Amino acid sequence: MHPALSVLFFTTLSGAGYGLLGLLGAGVALGLWPLGLWQIGAPLLVGTALVSLGLLASTAHLGQPRRAWRAFSQWRSSWLSREGVAAALTYLPALTLGIHVLLQRPDAGWTLLPRLAGALLALGALVTVFCTARIYSSLRTIPAWHNAWVAPVYLLLAAYTGGLWLWLLAALGEREAALDSQRLGLPPWLLAAIVGTAMLAALIKLLYWRHIDGAAPRATVESATGLGRYGEVAAFERPHTEQNYLTREMGFVLARRHAAKLRASSLALGFAAPLACVVVALAFLPLSPALALLALLLGSLGIFVERWLFFAQARHVVNLYYGARQI
C-alpha cells in the first residue's frame with residue numbers, strides 16, 4: 001500500500017505519546033515514580049501533546065475531516081471507533097493526575113487518588129494502542145497485517161519509544177528530581193524497560209518480517225476470479241487504461257532489495273543506536289541528557305522507517321485484478 005504521511009505521523013507520534021503516558025501511569029500507580037511538578041508535569045504535557053498531534057494528523061487522511069466525530073458512534077463494531085473512544089477517555093486520568101500534582105504538596109507522597117489515576121492512565125494507553133493495532137490486524141484483505149504479530153509489535157514499540165521520551169525528560173530534570181536510587185536521573189525499572197522492550201520489539205519485528213516473507217499465499221488470480229477450476233488464469237487486459245485510486249493506494253510495490261536495506265536501517269537506527277547510547281550513558285554520566293536526546297532522535301527515525309515499511313509492504317488482495325499473481 002502507498003504509505004500516507006498522515007498515517008505515519010499518527011502511528012509514530014500517538015504510539016510514543018501513549019507509551020510515555022502508559023509508563024508514567026504505571027510508575028505512579030506502583031509508587032515507583034517520584035512526586036514532583038517536573039517529574040509528573042513534563043511527561044504529562046509531552047505525552048498528551050504527542051497523542052493530540054498524532055490524532056490530528058490522522059484526520060488529514062480522511063476524505064471529510066470535519067466528520068471525524070462520527071467515528072465515535074460505531075464502537076460496537078469498529079476498531080477505529082473503539083480507538084477514538086479509548087483515546088478520549090484516556091485524557092480524563094491524565095487531567096486528574098495533572099491537577100493533583102498542581103494542588104498537592106511535594107512532600108505529601110502518593111495517595112490513593114493519584115495511584116488510581118495512574119492505573120487508569122496506563123490502562124487507557126494500553127487499550128488505545130491495542131485498538132490502533134487491531135484496526136490493521138483485523139483486515140482480512142491484507143495478509144501482511146492480518147496476523148498475530150501486529151498487535152505485539154505496536155504495543156512494544158509504543159512502550160519503547162515512550163521510554164525513550166521518559167528517559168530524556170528525566171535526564172533534563174535530573175537536578176530537580178534528586179533521585180537517590182538512580183544516577184541517570186530515572187528509576188532503574190525504566191532503564192530496564194527501555195532495554196527490554198527494545199530487544200523484544202526487535203525480535204518480534206524480525207519474526208514478523210520472516211512471517212510475511214514466508215507465508216503461503218492467501219489468494220491467487222484463480223481463487224479471486226473463481227476460474228481456478230478451468231486451470232491457470234492470465235489477464236490479457238487491465239481493468240483500467242490509466243491510474244486510479246486503487247492502483248495508486250493499493251498497488252504500491254516496494255522492491256525486495258530496497259526492503260532489505262530499509263529493514264537493516266530500521267534495526268540499526270531504531271534499536272541498536274539507542275541501546276548503544278544507554279551503554280555509553282552508564283559510563284559517562286554527565287552526558288546522559290545529550291545521549292538521551294540522541295537516542296530519542298535516532299530511535300524515532302528508525303521507528304518511522306519501520307512504520308513506512310509496515311504500510312509499503314502490505315498488499316491488498318485487489319491487486320490480483322491489476323497484475324499480481326498471488327497475495
# chains A, B, ... in the order shown; residues from 1 in each chain; ligands from 1
call {"tool": "residues_around", "arguments": {"residues": "segment 151-160 of chain A", "least_positions_apart": "5", "cutoff": "7 Å", "atoms": "only C-alpha atoms", "output": "PyMOL selection string"}}
result
chain A and resi 15-16+18-20+129-130+133-134+194+197-198+201+204-205
call {"tool": "write_last_selection", "arguments": {"atoms": "N, CA and C atoms", "output": "PDB file, in the first residue's frame"}}
result
ATOM      1  N   GLY A  15       1.758   6.594  19.159  1.00  0.00           N
ATOM      2  CA  GLY A  15       2.347   5.442  19.830  1.00  0.00           C
ATOM      3  C   GLY A  15       3.336   5.857  20.902  1.00  0.00           C
ATOM      4  N   ALA A  16       4.217   6.806  20.546  1.00  0.00           N
ATOM      5  CA  ALA A  16       5.184   7.296  21.534  1.00  0.00           C
ATOM      6  C   ALA A  16       4.482   8.012  22.682  1.00  0.00           C
ATOM      7  N   TYR A  18       1.361   7.561  23.849  1.00  0.00           N
ATOM      8  CA  TYR A  18       0.672   6.621  24.741  1.00  0.00           C
ATOM      9  C   TYR A  18       1.665   5.745  25.495  1.00  0.00           C
ATOM     10  N   GLY A  19       2.795   5.438  24.869  1.00  0.00           N
ATOM     11  CA  GLY A  19       3.824   4.710  25.599  1.00  0.00           C
ATOM     12  C   GLY A  19       4.369   5.519  26.759  1.00  0.00           C
ATOM     13  N   LEU A  20       4.589   6.804  26.525  1.00  0.00           N
ATOM     14  CA  LEU A  20       5.057   7.700  27.590  1.00  0.00           C
ATOM     15  C   LEU A  20       4.032   7.801  28.714  1.00  0.00           C
ATOM     16  N   VAL A 129      -3.652   1.818  22.237  1.00  0.00           N
ATOM     17  CA  VAL A 129      -2.659   1.293  21.298  1.00  0.00           C
ATOM     18  C   VAL A 129      -3.105  -0.059  20.747  1.00  0.00           C
ATOM     19  N   PHE A 130      -3.700  -0.886  21.601  1.00  0.00           N
ATOM     20  CA  PHE A 130      -4.192  -2.178  21.132  1.00  0.00           C
ATOM     21  C   PHE A 130      -5.290  -1.990  20.077  1.00  0.00           C
ATOM     22  N   ALA A 133      -3.713  -1.096  16.788  1.00  0.00           N
ATOM     23  CA  ALA A 133      -3.156  -2.277  16.121  1.00  0.00           C
ATOM     24  C   ALA A 133      -4.252  -3.127  15.494  1.00  0.00           C
ATOM     25  N   ARG A 134      -5.389  -3.238  16.182  1.00  0.00           N
ATOM     26  CA  ARG A 134      -6.468  -4.074  15.667  1.00  0.00           C
ATOM     27  C   ARG A 134      -7.157  -3.464  14.450  1.00  0.00           C
ATOM     28  N   ILE A 194      13.401   0.179  28.917  1.00  0.00           N
ATOM     29  CA  ILE A 194      13.885   0.626  27.612  1.00  0.00           C
ATOM     30  C   ILE A 194      14.685  -0.485  26.936  1.00  0.00           C
ATOM     31  N   THR A 197      12.259  -3.694  26.235  1.00  0.00           N
ATOM     32  CA  THR A 197      11.301  -3.516  25.146  1.00  0.00           C
ATOM     33  C   THR A 197      12.004  -3.351  23.805  1.00  0.00           C
ATOM     34  N   ALA A 198      13.194  -2.734  23.792  1.00  0.00           N
ATOM     35  CA  ALA A 198      13.942  -2.591  22.541  1.00  0.00           C
ATOM     36  C   ALA A 198      14.343  -3.956  21.989  1.00  0.00           C
ATOM     37  N   ALA A 201      11.098  -5.951  21.054  1.00  0.00           N
ATOM     38  CA  ALA A 201      10.445  -5.400  19.864  1.00  0.00           C
ATOM     39  C   ALA A 201      11.233  -5.742  18.609  1.00  0.00           C
ATOM     40  N   ILE A 204      10.543  -9.450  17.851  1.00  0.00           N
ATOM     41  CA  ILE A 204       9.203  -9.658  17.314  1.00  0.00           C
ATOM     42  C   ILE A 204       9.092  -9.108  15.897  1.00  0.00           C
ATOM     43  N   LYS A 205       9.759  -7.985  15.642  1.00  0.00           N
ATOM     44  CA  LYS A 205       9.721  -7.420  14.292  1.00  0.00           C
ATOM     45  C   LYS A 205      10.424  -8.325  13.297  1.00  0.00           C
TER      46      LYS A 205
END
call {"tool": "residues_around", "arguments": {"residues": "segment 259-266 of chain A", "least_positions_apart": "6", "cutoff": "6 Å", "atoms": "only C-alpha atoms", "output": "PyMOL selection string"}}
result
chain A and resi 302+305-306
call {"tool": "residues_around", "arguments": {"residues": "Leu123 of chain A", "least_positions_apart": "6", "cutoff": "9 Å", "atoms": "only C-alpha atoms", "output": "ChimeraX atom specification"}}
result
/A:22,25-26,90
call {"tool": "atom_distance", "arguments": {"atom1": "atom CA of Leu53 of chain A", "atom2": "atom CA of Phe9 of chain A"}}
result
8.4 Å
call {"tool": "residues_around", "arguments": {"residues": "segment 270-279 of chain A", "least_positions_apart": "4", "cutoff": "9 Å", "atoms": "only C-alpha atoms", "output": "PyMOL selection string"}}
result
chain A and resi 164+191+194-195+198-199+201-202+265-266+283-284+288+291-292+294-306
call {"tool": "residues_around", "arguments": {"residues": "Trp189 of chain A", "least_positions_apart": "6", "cutoff": "12 Å", "atoms": "only C-alpha atoms", "output": "list in words"}}
result
Leu23, Leu24, Ala26, Gly27, Leu30, Gly31, Leu32, Trp33, Gly163, Leu166, Trp167, Ser181, Gln182, Val195, Gly196 and Thr197 of chain A
call {"tool": "write_last_selection", "arguments": {"atoms": "C-alpha atoms", "output": "PDB file, in the first residue's frame"}}
result
ATOM      1  CA  LEU A  23       4.853   4.097  31.593  1.00  0.00           C
ATOM      2  CA  LEU A  24       4.252   7.213  33.668  1.00  0.00           C
ATOM      3  CA  ALA A  26       2.302   2.518  35.719  1.00  0.00           C
ATOM      4  CA  GLY A  27       5.132   4.138  37.681  1.00  0.00           C
ATOM      5  CA  LEU A  30       3.037   1.353  41.742  1.00  0.00           C
ATOM      6  CA  GLY A  31       4.657   4.218  43.632  1.00  0.00           C
ATOM      7  CA  LEU A  32       7.866   3.888  41.603  1.00  0.00           C
ATOM      8  CA  TRP A  33       7.872   7.366  40.070  1.00  0.00           C
ATOM      9  CA  GLY A 163      10.512   5.017  27.432  1.00  0.00           C
ATOM     10  CA  LEU A 166      10.657   9.488  29.568  1.00  0.00           C
ATOM     11  CA  TRP A 167      14.409   8.979  29.801  1.00  0.00           C
ATOM     12  CA  SER A 181      18.378   5.468  43.678  1.00  0.00           C
ATOM     13  CA  GLN A 182      19.366   6.328  40.122  1.00  0.00           C
ATOM     14  CA  VAL A 195      16.460  -2.128  27.109  1.00  0.00           C
ATOM     15  CA  GLY A 196      13.943  -4.952  27.459  1.00  0.00           C
ATOM     16  CA  THR A 197      11.301  -3.516  25.146  1.00  0.00           C
TER      17      THR A 197
END
call {"tool": "closest_residue", "arguments": {"among": "A:Tyr208, A:Trp79, A:Tyr230, A:Trp145", "to": "Arg315 of chain A", "atoms": "only C-alpha atoms"}}
result
A:Trp145
call {"tool": "select_by_dssp", "arguments": {"residues": "segment 38-184 of chain A", "states": "helix (DSSP H, G or I)", "output": "ChimeraX atom specification"}}
result
/A:38-59,65-74,79-103,112-137,150-172,174-177
call {"tool": "atom_distance", "arguments": {"atom1": "atom CA of Phe10 of chain A", "atom2": "atom CA of Val317 of chain A"}}
result
24.7 Å
call {"tool": "closest_atom_pairs", "arguments": {"of": "segment 119-190 of chain A", "to": "segment 210-227 of chain A", "cutoff": "9 Å", "atoms": "only C-alpha atoms", "output": "CSV"}}
result
residue,atom,partner,partner_atom,distance
A:Pro143,CA,A:Arg218,CA,7.0
A:Ala144,CA,A:Ile212,CA,5.7
A:Trp145,CA,A:Ile212,CA,8.8
A:Asn147,CA,A:His211,CA,8.9
A:Trp149,CA,A:His211,CA,8.6
call {"tool": "closest_residue", "arguments": {"among": "A:Ala192, A:Ile327, A:Leu121, A:Leu55", "to": "Leu89 of chain A", "atoms": "only C-alpha atoms"}}
result
A:Leu121
call {"tool": "atom_distance", "arguments": {"atom1": "atom CA of Ala314 of chain A", "atom2": "atom CA of Ser137 of chain A"}}
result
11.3 Å
